[in-house]
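Listing of input-v4.cif, mmCIF, C-alpha atoms and all ligand atoms
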```
data_model
loop_
_atom_site.label_atom_id
_atom_site.label_comp_id
_atom_site.auth_asym_id
_atom_site.auth_seq_id
_atom_site.Cartn_x
_atom_site.Cartn_y
_atom_site.Cartn_z
CA MET A 1 -71.51 46.22 -42.33
CA GLU A 2 -73.90 43.61 -40.99
CA LYS A 3 -72.43 41.04 -38.63
CA VAL A 4 -72.26 37.49 -39.92
CA MET A 5 -73.20 34.29 -38.12
CA TYR A 6 -72.30 30.78 -39.30
CA SER A 7 -73.07 27.36 -37.95
CA ALA A 8 -73.70 23.80 -39.12
CA THR A 9 -74.65 20.34 -37.97
CA GLN A 10 -73.68 17.00 -39.44
CA PRO A 11 -76.46 14.84 -40.87
CA SER A 12 -74.70 11.83 -39.40
CA GLY A 13 -77.41 10.48 -37.11
CA ALA A 14 -80.55 11.38 -35.21
CA LEU A 15 -80.02 14.71 -33.46
CA THR A 16 -80.00 14.83 -29.68
CA ILE A 17 -81.32 17.43 -27.26
CA GLY A 18 -77.63 18.39 -26.91
CA ASN A 19 -77.56 19.52 -30.54
CA TYR A 20 -80.83 21.32 -29.95
CA VAL A 21 -80.06 23.37 -26.83
CA GLY A 22 -76.32 23.56 -27.48
CA ALA A 23 -76.71 24.88 -30.98
CA ILE A 24 -79.78 25.00 -33.24
CA ARG A 25 -82.24 26.54 -30.81
CA ASN A 26 -79.71 29.21 -30.05
CA TRP A 27 -79.31 30.22 -33.71
CA VAL A 28 -82.87 31.32 -34.07
CA ASN A 29 -82.57 34.26 -31.68
CA TYR A 30 -79.94 35.94 -33.81
CA GLN A 31 -81.61 35.87 -37.19
CA SER A 32 -82.71 39.48 -37.09
CA GLU A 33 -79.38 40.80 -35.81
CA TYR A 34 -76.99 38.88 -38.06
CA GLU A 35 -76.63 37.83 -41.65
CA CYS A 36 -76.93 34.08 -41.04
CA TYR A 37 -75.61 31.01 -42.84
CA PHE A 38 -76.72 27.61 -41.53
CA ALA A 39 -75.60 24.42 -43.24
CA MET A 40 -76.10 20.69 -43.24
CA ALA A 41 -72.46 19.56 -43.07
CA ASP A 42 -72.60 16.50 -45.32
CA LEU A 43 -68.93 16.78 -46.34
CA HIS A 44 -68.04 16.48 -42.67
CA ALA A 45 -70.39 13.52 -42.21
CA LEU A 46 -68.43 11.54 -44.79
CA THR A 47 -65.42 11.33 -42.47
CA VAL A 48 -67.24 8.41 -40.85
CA ARG A 49 -68.82 5.68 -43.00
CA GLN A 50 -72.40 6.57 -43.92
CA GLU A 51 -75.06 4.51 -45.60
CA PRO A 52 -75.80 6.55 -48.78
CA ALA A 53 -79.61 6.35 -48.65
CA ALA A 54 -79.63 7.23 -44.94
CA LEU A 55 -77.27 10.18 -45.45
CA ARG A 56 -79.52 11.57 -48.19
CA ARG A 57 -82.67 11.14 -46.09
CA ARG A 58 -81.08 12.63 -42.96
CA THR A 59 -79.85 15.68 -44.84
CA LEU A 60 -83.40 16.59 -45.78
CA GLU A 61 -84.72 15.70 -42.33
CA LEU A 62 -82.13 18.02 -40.84
CA ALA A 63 -83.18 20.86 -43.12
CA ALA A 64 -86.80 20.35 -42.06
CA LEU A 65 -85.71 20.26 -38.45
CA TYR A 66 -83.84 23.57 -38.72
CA ILE A 67 -86.95 25.19 -40.13
CA ALA A 68 -89.16 23.51 -37.53
CA CYS A 69 -86.89 24.95 -34.82
CA GLY A 70 -87.50 28.41 -36.22
CA VAL A 71 -84.71 28.96 -38.76
CA ASP A 72 -86.33 31.12 -41.43
CA PRO A 73 -85.03 30.28 -44.93
CA GLU A 74 -86.26 33.66 -46.19
CA ARG A 75 -83.94 35.46 -43.82
CA CYS A 76 -80.98 33.04 -43.62
CA ALA A 77 -79.02 31.07 -46.15
CA LEU A 78 -80.04 27.52 -45.28
CA TYR A 79 -78.12 25.11 -47.47
CA VAL A 80 -76.35 21.79 -47.94
CA GLN A 81 -72.58 22.13 -47.61
CA SER A 82 -71.76 19.97 -50.66
CA HIS A 83 -73.98 22.22 -52.85
CA VAL A 84 -71.47 25.04 -52.44
CA HIS A 85 -68.22 23.82 -53.95
CA GLU A 86 -66.19 26.68 -52.50
CA HIS A 87 -66.09 24.82 -49.18
CA ALA A 88 -63.92 22.04 -50.62
CA GLU A 89 -61.77 24.58 -52.50
CA MET A 90 -61.20 26.77 -49.46
CA CYS A 91 -60.41 23.66 -47.46
CA TRP A 92 -57.60 22.83 -49.89
CA LEU A 93 -56.21 26.34 -49.66
CA LEU A 94 -56.24 26.33 -45.86
CA ASN A 95 -54.73 22.83 -45.78
CA CYS A 96 -51.54 24.37 -47.05
CA PHE A 97 -51.42 26.58 -43.94
CA ALA A 98 -52.52 24.01 -41.35
CA TYR A 99 -49.92 21.87 -39.61
CA VAL A 100 -50.20 18.11 -39.24
CA GLY A 101 -49.02 18.46 -35.63
CA GLU A 102 -51.83 20.80 -34.58
CA MET A 103 -54.48 18.69 -36.33
CA SER A 104 -53.30 15.47 -34.71
CA ARG A 105 -53.66 17.10 -31.29
CA MET A 106 -57.37 17.89 -31.70
CA THR A 107 -59.47 16.17 -29.03
CA GLN A 108 -62.21 15.11 -31.45
CA PHE A 109 -59.67 13.62 -33.88
CA LYS A 110 -58.13 11.58 -31.07
CA ASP A 111 -61.55 10.41 -29.83
CA LYS A 112 -62.84 9.51 -33.28
CA SER A 113 -59.59 7.77 -34.23
CA ALA A 114 -59.93 5.58 -31.16
CA LYS A 115 -63.57 4.86 -31.95
CA HIS A 116 -63.06 4.19 -35.67
CA ALA A 117 -59.61 2.61 -35.52
CA ASP A 118 -60.28 0.76 -38.80
CA ASN A 119 -61.02 3.98 -40.68
CA ILE A 120 -58.65 6.77 -39.66
CA ASN A 121 -58.94 8.53 -43.01
CA MET A 122 -57.39 11.83 -44.12
CA GLY A 123 -60.79 13.50 -43.91
CA LEU A 124 -61.04 12.75 -40.22
CA MET A 125 -57.82 14.60 -39.56
CA ASP A 126 -58.73 17.38 -41.96
CA TYR A 127 -62.14 17.88 -40.37
CA PRO A 128 -61.20 21.08 -38.47
CA VAL A 129 -59.68 22.64 -41.59
CA LEU A 130 -62.90 22.04 -43.51
CA MET A 131 -64.78 23.58 -40.61
CA ALA A 132 -62.43 26.59 -40.71
CA ALA A 133 -63.13 26.85 -44.45
CA ASP A 134 -66.89 26.87 -43.73
CA ILE A 135 -66.53 29.65 -41.23
CA LEU A 136 -63.94 31.85 -42.97
CA LEU A 137 -65.66 31.74 -46.38
CA TYR A 138 -68.47 33.95 -45.07
CA GLN A 139 -66.35 36.52 -43.17
CA THR A 140 -68.04 35.21 -40.07
CA ASP A 141 -68.04 37.15 -36.81
CA CYS A 142 -69.83 34.67 -34.65
CA VAL A 143 -70.16 30.86 -34.50
CA PRO A 144 -72.87 29.56 -32.14
CA VAL A 145 -71.82 26.04 -31.06
CA GLY A 146 -71.75 23.70 -28.09
CA ALA A 147 -68.64 23.48 -25.92
CA ASP A 148 -67.27 20.44 -27.79
CA GLN A 149 -66.67 22.59 -30.90
CA THR A 150 -64.78 25.50 -29.32
CA GLN A 151 -61.41 23.90 -30.03
CA HIS A 152 -62.31 23.78 -33.73
CA VAL A 153 -63.41 27.42 -33.75
CA GLU A 154 -60.05 28.23 -32.15
CA ILE A 155 -58.30 26.55 -35.11
CA ALA A 156 -60.39 28.64 -37.50
CA ARG A 157 -59.20 31.74 -35.67
CA ASP A 158 -55.57 30.60 -35.78
CA LEU A 159 -55.75 29.89 -39.51
CA ALA A 160 -57.38 33.26 -40.20
CA VAL A 161 -54.71 35.12 -38.26
CA ARG A 162 -51.90 33.07 -39.81
CA PHE A 163 -53.15 33.76 -43.33
CA ASN A 164 -53.82 37.45 -42.63
CA ASN A 165 -50.30 37.86 -41.24
CA LEU A 166 -48.79 36.38 -44.37
CA TYR A 167 -50.95 38.04 -47.03
CA GLY A 168 -52.67 41.01 -45.40
CA GLU A 169 -56.26 41.33 -44.17
CA THR A 170 -58.25 38.57 -45.93
CA PHE A 171 -60.43 36.82 -43.35
CA ARG A 172 -62.45 38.14 -40.47
CA VAL A 173 -61.41 36.43 -37.22
CA PRO A 174 -64.47 34.59 -35.84
CA GLN A 175 -65.58 33.99 -32.28
CA ALA A 176 -67.42 31.03 -30.76
CA LEU A 177 -70.69 31.78 -29.01
CA LEU A 178 -71.84 29.33 -26.33
CA PRO A 179 -75.39 29.21 -24.95
CA ALA A 180 -75.93 30.46 -21.38
CA SER A 181 -77.05 26.99 -20.33
CA GLY A 182 -76.80 23.68 -22.16
CA ALA A 183 -73.39 24.20 -23.78
CA ARG A 184 -72.41 20.69 -22.77
CA ILE A 185 -75.30 18.30 -22.23
CA ARG A 186 -74.04 15.01 -20.87
CA SER A 187 -75.01 11.38 -21.38
CA LEU A 188 -77.96 10.31 -19.20
CA GLN A 189 -76.19 7.03 -18.48
CA ASP A 190 -72.65 8.30 -17.94
CA PRO A 191 -72.47 12.00 -17.11
CA ALA A 192 -68.68 11.92 -17.57
CA LYS A 193 -69.34 11.78 -21.34
CA LYS A 194 -71.14 14.26 -23.59
CA MET A 195 -74.52 13.28 -24.97
CA SER A 196 -73.82 12.13 -28.50
CA LYS A 197 -75.70 11.11 -31.64
CA SER A 198 -73.56 8.01 -31.92
CA ASP A 199 -73.67 6.57 -28.40
CA GLU A 200 -74.22 2.79 -28.56
CA ASN A 201 -76.50 2.91 -25.51
CA PRO A 202 -79.89 4.23 -26.72
CA ASN A 203 -80.80 5.30 -23.16
CA ALA A 204 -77.79 7.63 -22.99
CA SER A 205 -79.19 10.17 -25.46
CA VAL A 206 -82.58 11.77 -25.93
CA PHE A 207 -83.23 12.18 -29.64
CA LEU A 208 -85.32 14.94 -31.12
CA THR A 209 -87.36 12.22 -32.80
CA ASP A 210 -88.15 10.36 -29.56
CA ASP A 211 -91.86 10.17 -28.70
CA ARG A 212 -93.21 11.40 -25.39
CA ASP A 213 -93.15 8.02 -23.61
CA THR A 214 -89.60 7.33 -24.72
CA VAL A 215 -88.40 10.76 -23.56
CA ILE A 216 -90.00 10.32 -20.14
CA ARG A 217 -88.73 6.74 -19.78
CA LYS A 218 -85.15 7.80 -20.61
CA PHE A 219 -85.23 10.54 -17.98
CA LYS A 220 -86.70 8.18 -15.40
CA ARG A 221 -83.76 5.84 -16.03
CA ALA A 222 -81.17 8.60 -15.99
CA VAL A 223 -78.38 7.95 -13.52
CA THR A 224 -78.42 10.24 -10.52
CA ASP A 225 -75.96 10.51 -7.69
CA SER A 226 -75.87 9.47 -4.07
CA GLY A 227 -77.69 11.69 -1.62
CA ASP A 228 -81.07 13.25 -2.27
CA ARG A 229 -80.52 16.97 -2.76
CA ILE A 230 -81.23 18.52 -6.13
CA VAL A 231 -78.32 20.92 -6.45
CA GLN A 232 -75.63 21.60 -8.99
CA SER A 233 -72.22 20.45 -7.81
CA GLU A 234 -69.11 18.68 -9.07
CA GLU A 235 -69.89 15.68 -6.89
CA LYS A 236 -73.33 15.40 -8.51
CA PRO A 237 -72.70 15.25 -12.27
CA GLY A 238 -75.94 13.35 -12.99
CA VAL A 239 -78.22 15.75 -11.11
CA SER A 240 -76.27 18.76 -12.43
CA ASN A 241 -76.82 17.55 -15.98
CA LEU A 242 -80.56 17.16 -15.43
CA LEU A 243 -80.73 20.61 -13.86
CA ALA A 244 -78.89 22.08 -16.86
CA ILE A 245 -81.30 20.38 -19.25
CA TYR A 246 -84.31 21.59 -17.30
CA ALA A 247 -82.94 25.14 -17.08
CA ALA A 248 -82.15 25.20 -20.80
CA PHE A 249 -85.58 23.93 -21.83
CA ARG A 250 -87.45 26.15 -19.40
CA GLY A 251 -85.33 29.22 -20.13
CA VAL A 252 -84.60 29.72 -16.42
CA SER A 253 -81.30 29.80 -14.52
CA VAL A 254 -79.96 26.69 -12.80
CA ALA A 255 -80.33 28.52 -9.46
CA ASP A 256 -84.04 29.03 -10.17
CA ALA A 257 -84.39 25.35 -11.09
CA GLU A 258 -82.67 24.33 -7.85
CA ARG A 259 -85.11 26.48 -5.88
CA GLU A 260 -88.09 24.99 -7.72
CA PHE A 261 -87.10 21.43 -6.80
CA GLU A 262 -85.95 22.10 -3.26
CA GLY A 263 -87.21 19.37 -0.93
CA GLN A 264 -88.40 17.12 -3.78
CA GLY A 265 -87.13 13.59 -4.43
CA TYR A 266 -85.21 12.39 -7.47
CA ALA A 267 -88.21 10.53 -8.92
CA SER A 268 -90.50 13.54 -9.18
CA PHE A 269 -87.59 15.71 -10.36
CA LYS A 270 -86.72 13.29 -13.20
CA LEU A 271 -90.37 13.06 -14.21
CA ALA A 272 -90.63 16.87 -14.34
CA VAL A 273 -87.51 17.12 -16.53
CA GLY A 274 -88.84 14.42 -18.86
CA GLU A 275 -92.24 16.09 -19.20
CA THR A 276 -90.68 19.49 -19.83
CA VAL A 277 -88.49 18.13 -22.61
CA ALA A 278 -91.33 16.08 -24.15
CA ASP A 279 -93.62 19.15 -24.13
CA ALA A 280 -90.96 21.24 -25.87
CA LEU A 281 -90.20 18.63 -28.54
CA ALA A 282 -93.78 17.83 -29.54
CA PRO A 283 -94.45 20.98 -31.63
CA VAL A 284 -91.01 20.77 -33.28
CA GLN A 285 -91.65 17.15 -34.27
CA ALA A 286 -95.09 17.96 -35.67
CA GLU A 287 -93.73 20.86 -37.72
CA GLN A 288 -90.82 18.79 -39.03
CA LYS A 289 -93.25 16.09 -40.15
CA ARG A 290 -95.42 18.67 -41.91
CA LEU A 291 -92.42 20.14 -43.72
CA LEU A 292 -91.10 16.75 -44.82
CA ALA A 293 -94.39 16.14 -46.60
CA ASP A 294 -93.56 19.09 -48.89
CA LYS A 295 -90.33 18.07 -50.62
CA THR A 296 -90.76 20.69 -53.35
CA TYR A 297 -90.76 23.50 -50.81
CA LEU A 298 -87.68 22.11 -49.05
CA ALA A 299 -85.75 21.61 -52.29
CA GLY A 300 -86.59 25.18 -53.34
CA ALA A 301 -85.51 26.64 -50.01
CA LEU A 302 -82.21 24.74 -50.12
CA LYS A 303 -81.54 25.81 -53.70
CA ALA A 304 -82.08 29.46 -52.84
CA GLY A 305 -79.89 29.04 -49.75
CA ALA A 306 -77.07 27.49 -51.75
CA GLU A 307 -77.21 30.33 -54.31
CA LYS A 308 -76.96 32.95 -51.61
CA ALA A 309 -74.13 31.09 -49.90
CA HIS A 310 -72.29 30.53 -53.18
CA TYR A 311 -72.35 34.25 -53.95
CA ALA A 312 -70.77 35.19 -50.61
CA ALA A 313 -68.33 32.26 -50.61
CA ARG A 314 -67.14 33.04 -54.15
CA LYS A 315 -66.14 36.55 -53.10
CA THR A 316 -63.92 35.39 -50.25
CA LEU A 317 -62.43 32.51 -52.22
CA SER A 318 -61.49 34.83 -55.12
CA LYS A 319 -59.91 37.25 -52.69
CA ALA A 320 -57.85 34.48 -51.07
CA TYR A 321 -56.83 33.07 -54.48
CA ARG A 322 -55.55 36.49 -55.53
CA LYS A 323 -53.66 36.94 -52.28
CA VAL A 324 -51.74 33.68 -52.64
CA GLY A 325 -50.81 34.56 -56.23
CA PHE A 326 -53.05 32.37 -58.37
CA TYR A 327 -53.29 33.71 -61.92
CA ARG A 328 -56.91 34.78 -62.40
CA GLY A 329 -56.89 35.63 -66.11
CA ASP A 330 -56.88 39.42 -65.65
P1 LIG A 401 -72.27 18.22 -34.60
O1 LIG A 401 -73.11 17.79 -35.72
O2 LIG A 401 -71.49 17.20 -33.82
O3 LIG A 401 -73.12 19.01 -33.53
C1 LIG A 401 -73.92 20.12 -33.91
C2 LIG A 401 -73.92 21.15 -32.81
O4 LIG A 401 -74.41 20.58 -31.59
C3 LIG A 401 -73.51 20.86 -30.53
N1 LIG A 401 -73.53 19.73 -29.60
C4 LIG A 401 -73.80 19.84 -28.29
N2 LIG A 401 -74.10 20.89 -27.52
C5 LIG A 401 -74.34 20.67 -26.21
N3 LIG A 401 -74.29 19.45 -25.64
C6 LIG A 401 -73.99 18.34 -26.37
N4 LIG A 401 -73.97 17.14 -25.81
C7 LIG A 401 -73.73 18.53 -27.77
N5 LIG A 401 -73.43 17.67 -28.78
C8 LIG A 401 -73.30 18.43 -29.89
C9 LIG A 401 -72.16 20.99 -31.22
O5 LIG A 401 -71.24 21.73 -30.42
C10 LIG A 401 -72.52 21.69 -32.49
O6 LIG A 401 -72.60 23.09 -32.27
N6 LIG A 401 -68.27 20.09 -36.74
C11 LIG A 401 -69.61 20.40 -36.38
C12 LIG A 401 -70.47 20.81 -37.57
C13 LIG A 401 -69.87 21.92 -38.34
C14 LIG A 401 -69.78 23.28 -37.93
C15 LIG A 401 -69.16 23.97 -39.01
C16 LIG A 401 -70.16 23.96 -36.78
C17 LIG A 401 -69.35 21.83 -39.58
N7 LIG A 401 -68.92 23.07 -39.99
C18 LIG A 401 -68.90 25.35 -38.94
C19 LIG A 401 -69.91 25.34 -36.72
C20 LIG A 401 -69.27 26.01 -37.80
C21 LIG A 401 -70.22 19.18 -35.75
O7 LIG A 401 -69.80 18.08 -35.93
O8 LIG A 401 -71.31 19.40 -35.06
#
```

Can the structure in the file be given as structure tokens, please?
Amino acid sequence: MEKVMYSATQPSGALTIGNYVGAIRNWVNYQSEYECYFAMADLHALTVRQEPAALRRRTLELAALYIACGVDPERCALYVQSHVHEHAEMCWLLNCFAYVGEMSRMTQFKDKSAKHADNINMGLMDYPVLMAADILLYQTDCVPVGADQTQHVEIARDLAVRFNNLYGETFRVPQALLPASGARIRSLQDPAKKMSKSDENPNASVFLTDDRDTVIRKFKRAVTDSGDRIVQSEEKPGVSNLLAIYAAFRGVSVADAEREFEGQGYASFKLAVGETVADALAPVQAEQKRLLADKTYLAGALKAGAEKAHYAARKTLSKAYRKVGFYRGD
């Protein structure tokens, strides 16, 4: 049986280079080895207030971006999460096996609750269960994500095992797959934090939509550390982050990057990182723009993706419904 890969991104804001090297770029390499499902997680995005027109526009932009990054809709199921209603149904089923205690301990729930104290809705707490539903519906083996999502993949594993122990083999137990470099890209302004779509400081994150000058300017302004050596170390989180970004974009090891910049100053190092990133983003941006001009193609690709996903999801959902004892009319 072919191995299955599943991943998704929320259309909740402009994507950062963290999303790119931590996740999307990594997906592309596996398309020939795995049966792949890649989604735009709009149900997840709703856990934080979204402006409806912007959410709609971003969902399509994200689809175009996936394809521009090399996701091939002929080979993978590329689809919008809300187009496949089994996700919400499976989420309900798994809710009845997920404990409030374990959900309230999730790091992301705690962070987002602090950030959106006026809107700590049920969806925010249920977020990891919906993510488990996404993953388990496709009998997924492998989930390529950045380091911030490993705790959620762990919950998906726990729920799969818990359900399987109660009802017999139903779900495959998935594993997270982190990229060799770039699993946790940090803020350019505060390397203690991860680079995030929703950072209030626009200089903290490099967006995939940023033009060349903006990318280079943001890297020039990136905080570095005291001293002048360009080496990875715990005492140098700023420089280490820039080295990780450079290594990820160049496809070299951090040790190689250190060697390349030995003896150079911070200014020329930051410029080199900025130029490398800008060079890598330019063709992706051009391709995304080209794709967005052809809405008919995109809509067709997403429809085909949703049909393929629906077929696989239906099978697992029916199996789980039978296991728990739902009357199925036969
Ligand atoms: P999201 O939209 O926050 O992020 C999408 C992907 O980008 C990775 N990522 C990063 N990687 C490295 N450095 C960073 N600074 C960085 N920031 C984000 C994330 O780890 C993620 O892989 N809940 C998910 C979306 C989702 C999903 C799923 C993922 C919904 N269902 C099922 C996998 C499987 C999320 O919010 O990702």

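Around ligand LIG 401 (chain A), using all atoms listed in the file and a cut-off of 6 Å, the residues in contact are Tyr6, Ser7, Ala8, Thr9, Gln10, Gly18, Asn19, Gly22, Ala23, Ala41, Met131, Asp134, Ile135, Val143, Val145, Gly146, Ala147, Asp148, Gln149, Gly182, Ala183, Arg184, Ile185, Arg186, Lys194, Met195 and Ser196 of chain A.
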
Kindly provide the residues of region 40-155 of chain A that approach region 198-214 of chain A to within 12 Å, each paired with its closest atom pair and their distance in Å to one decimal, based on all atoms listed in the file, listed by chain and increasing number, as CSV.
```
residue,atom,partner,partner_atom,distance
A:Val48,CA,A:Ser198,CA,10.9
A:Arg58,CA,A:Thr209,CA,12.0
A:Glu61,CA,A:Thr209,CA,10.5
A:Leu62,CA,A:Leu208,CA,10.7
A:Leu65,CA,A:Leu208,CA,9.1
A:Tyr66,CA,A:Leu208,CA,11.6
A:Ala68,CA,A:Leu208,CA,11.4
A:Cys69,CA,A:Leu208,CA,10.8
A:Lys112,CA,A:Ser198,CA,10.9
A:Lys115,CA,A:Ser198,CA,10.5
A:His116,CA,A:Ser198,CA,11.8
```

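Distance annotation: of A:Met40, A:Tyr167, A:Val284, A:Gln50, the residue with the minimal separation from Gly325 (chain A) is A:Tyr167; atom set is only C-alpha atoms.
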
**Report entry** Nearest to Thr150 (chain A), chosen from A:Leu177, A:Thr170, A:Asn95, A:Phe163, with all atoms listed in the file counted in the distances
**Finding:**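 Under the stated criterion, the closest residue is A:Leu177.
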
Query - Which of A:Gly13, A:Pro52, A:Pro174, A:Pro191 sits closest to Ala132 (chain A) [using only C-alpha atoms] - result: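 Counting only C-alpha atoms, the residue closest to Ala132 (chain A) is A:Pro174.
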
Query raised in the report: Counting all atoms listed in the file, which of A:Ala309, A:Leu302, A:Ala280, A:Ala64 gets nearest to Val21 (chain A)?
Result: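 Among A:Ala309, A:Leu302, A:Ala280, A:Ala64, it is A:Ala280 that comes nearest to Val21 (chain A).
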
Compile a residue-level contact table for region 186-234 of chain A against region 255-266 of chain A at a cut-off of 12 Å, reporting for every qualifying residue the shortest atom pair and its distance in Å to one decimal, with all atoms listed in the file counted, rows ordered by chain and ascending number, as a tab-separated table.
```
residue	atom	partner	partner_atom	distance
A:Phe219	CA	A:Tyr266	CA	10.7
A:Lys220	CA	A:Tyr266	CA	9.1
A:Arg221	CA	A:Tyr266	CA	10.9
A:Ala222	CA	A:Tyr266	CA	10.2
A:Val223	CA	A:Tyr266	CA	10.1
A:Thr224	CA	A:Tyr266	CA	7.7
A:Asp225	CA	A:Tyr266	CA	9.4
A:Ser226	CA	A:Tyr266	CA	10.4
A:Gly227	CA	A:Tyr266	CA	9.6
A:Asp228	CA	A:Gly265	CA	6.4
A:Arg229	CA	A:Gly263	CA	7.3
A:Ile230	CA	A:Glu258	CA	6.2
A:Val231	CA	A:Glu258	CA	5.7
A:Gln232	CA	A:Glu258	CA	7.6
A:Ser233	CA	A:Glu258	CA	11.1
```

Query - Given only C-alpha atoms as the counted atoms, nearest of A:Ala312, A:Ala53, A:Ala278, A:Ala14 to Ala77 (chain A) - result: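 Closest to Ala77 (chain A), using only C-alpha atoms: A:Ala312.
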
Query - Polymer residues at most 12 Å from region 105-110 of chain A, only C-alpha atoms, same-chain spacing of 2 or more positions, as JSON, numbers by chain - result: {"A": [47, 48, 99, 100, 101, 102, 103, 112, 113, 114, 115, 116, 117, 119, 120, 121, 122, 123, 124, 125, 126, 127, 128, 129, 147, 148, 149, 150, 151, 152, 153, 154, 155, 194]}

Could you write out that same residue set with C-alpha atoms as an mmCIF file, in the frame of the given file?
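Produced file selection01.cif, reproduced below:
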```cif
data_model
loop_
_atom_site.group_PDB
_atom_site.id
_atom_site.type_symbol
_atom_site.label_atom_id
_atom_site.label_comp_id
_atom_site.auth_asym_id
_atom_site.auth_seq_id
_atom_site.Cartn_x
_atom_site.Cartn_y
_atom_site.Cartn_z
ATOM 1 C CA THR A 47 -65.420 11.330 -42.470
ATOM 2 C CA VAL A 48 -67.240 8.410 -40.850
ATOM 3 C CA TYR A 99 -49.920 21.870 -39.610
ATOM 4 C CA VAL A 100 -50.200 18.110 -39.240
ATOM 5 C CA GLY A 101 -49.020 18.460 -35.630
ATOM 6 C CA GLU A 102 -51.830 20.800 -34.580
ATOM 7 C CA MET A 103 -54.480 18.690 -36.330
ATOM 8 C CA LYS A 112 -62.840 9.510 -33.280
ATOM 9 C CA SER A 113 -59.590 7.770 -34.230
ATOM 10 C CA ALA A 114 -59.930 5.580 -31.160
ATOM 11 C CA LYS A 115 -63.570 4.860 -31.950
ATOM 12 C CA HIS A 116 -63.060 4.190 -35.670
ATOM 13 C CA ALA A 117 -59.610 2.610 -35.520
ATOM 14 C CA ASN A 119 -61.020 3.980 -40.680
ATOM 15 C CA ILE A 120 -58.650 6.770 -39.660
ATOM 16 C CA ASN A 121 -58.940 8.530 -43.010
ATOM 17 C CA MET A 122 -57.390 11.830 -44.120
ATOM 18 C CA GLY A 123 -60.790 13.500 -43.910
ATOM 19 C CA LEU A 124 -61.040 12.750 -40.220
ATOM 20 C CA MET A 125 -57.820 14.600 -39.560
ATOM 21 C CA ASP A 126 -58.730 17.380 -41.960
ATOM 22 C CA TYR A 127 -62.140 17.880 -40.370
ATOM 23 C CA PRO A 128 -61.200 21.080 -38.470
ATOM 24 C CA VAL A 129 -59.680 22.640 -41.590
ATOM 25 C CA ALA A 147 -68.640 23.480 -25.920
ATOM 26 C CA ASP A 148 -67.270 20.440 -27.790
ATOM 27 C CA GLN A 149 -66.670 22.590 -30.900
ATOM 28 C CA THR A 150 -64.780 25.500 -29.320
ATOM 29 C CA GLN A 151 -61.410 23.900 -30.030
ATOM 30 C CA HIS A 152 -62.310 23.780 -33.730
ATOM 31 C CA VAL A 153 -63.410 27.420 -33.750
ATOM 32 C CA GLU A 154 -60.050 28.230 -32.150
ATOM 33 C CA ILE A 155 -58.300 26.550 -35.110
ATOM 34 C CA LYS A 194 -71.140 14.260 -23.590
#
```

Query raised in the report: Quick one: residues within 10 Å of Tyr311 (chain A), only C-alpha atoms counted, chain neighbours fewer than 6 positions away excluded, as a ChimeraX atom specification?
Result: /A:84,86,138

Take the residues that were just selected and, keeping C-alpha atoms, output them as a PDB file, in the coordinates of the input.
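As written to disk, out.pdb reads:
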```pdb
ATOM      1  CA  VAL A  84     -71.470  25.040 -52.440  1.00  0.00           C
ATOM      2  CA  GLU A  86     -66.190  26.680 -52.500  1.00  0.00           C
ATOM      3  CA  TYR A 138     -68.470  33.950 -45.070  1.00  0.00           C
TER       4      TYR A 138
END
```

Provide an axis-aligned box for all listed atoms of region 257-264 of chain A, padding each side by 6 Å; report its centre and its edge lengths in Å to one decimal, as AutoDock Vina command-line options.
```
--center_x -85.5 --center_y 21.8 --center_z -6.0 --size_x 17.7 --size_y 21.4 --size_z 22.2
```

Query raised in the report: Of the candidates A:Cys36, A:Leu93, A:Glu51, A:Ser82, which shows the shortest atom-to-atom distance to Phe326 (chain A), using only C-alpha atoms?
Result: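 Nearest to Phe326 (chain A): A:Leu93.
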
Requested in this report: Just give me the gap between CA of Gln139 (chain A) and CA of Ala160 (chain A) in Å, one decimal is fine.
Outcome: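 For CA of Gln139 (chain A) relative to CA of Ala160 (chain A), the distance reads 10.0 Å.
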
Query raised in the report: What separation in Å, quoted to one decimal, exists between CA of Met90 (chain A) and CA of Arg56 (chain A)?
Result: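 Separation of CA of Met90 (chain A) and CA of Arg56 (chain A): 23.8 Å.
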
**Report entry** Gap from CA of Phe171 (chain A) to CA of Tyr34 (chain A) - Å, one decimal
**Finding:**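 Computed distance, CA of Phe171 (chain A) to CA of Tyr34 (chain A), equals 17.5 Å.
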
Which polymer residues have any atom within 10 Å of an atom of Val273 (chain A), counting only C-alpha atoms, with same-chain residues fewer than 5 positions away left out, as a PDB file with C-alpha atoms, in the frame of the given file?
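Heads up, here's the output in part23.pdb:
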```
ATOM      1  CA  VAL A 215     -88.400  10.760 -23.560  1.00  0.00           C
ATOM      2  CA  ILE A 216     -90.000  10.320 -20.140  1.00  0.00           C
ATOM      3  CA  PHE A 219     -85.230  10.540 -17.980  1.00  0.00           C
ATOM      4  CA  LYS A 220     -86.700   8.180 -15.400  1.00  0.00           C
ATOM      5  CA  LEU A 242     -80.560  17.160 -15.430  1.00  0.00           C
ATOM      6  CA  LEU A 243     -80.730  20.610 -13.860  1.00  0.00           C
ATOM      7  CA  ALA A 244     -78.890  22.080 -16.860  1.00  0.00           C
ATOM      8  CA  ILE A 245     -81.300  20.380 -19.250  1.00  0.00           C
ATOM      9  CA  TYR A 246     -84.310  21.590 -17.300  1.00  0.00           C
ATOM     10  CA  ALA A 247     -82.940  25.140 -17.080  1.00  0.00           C
ATOM     11  CA  PHE A 249     -85.580  23.930 -21.830  1.00  0.00           C
ATOM     12  CA  ARG A 250     -87.450  26.150 -19.400  1.00  0.00           C
ATOM     13  CA  SER A 268     -90.500  13.540  -9.180  1.00  0.00           C
ATOM     14  CA  ALA A 278     -91.330  16.080 -24.150  1.00  0.00           C
ATOM     15  CA  ASP A 279     -93.620  19.150 -24.130  1.00  0.00           C
TER      16      ASP A 279
END
```
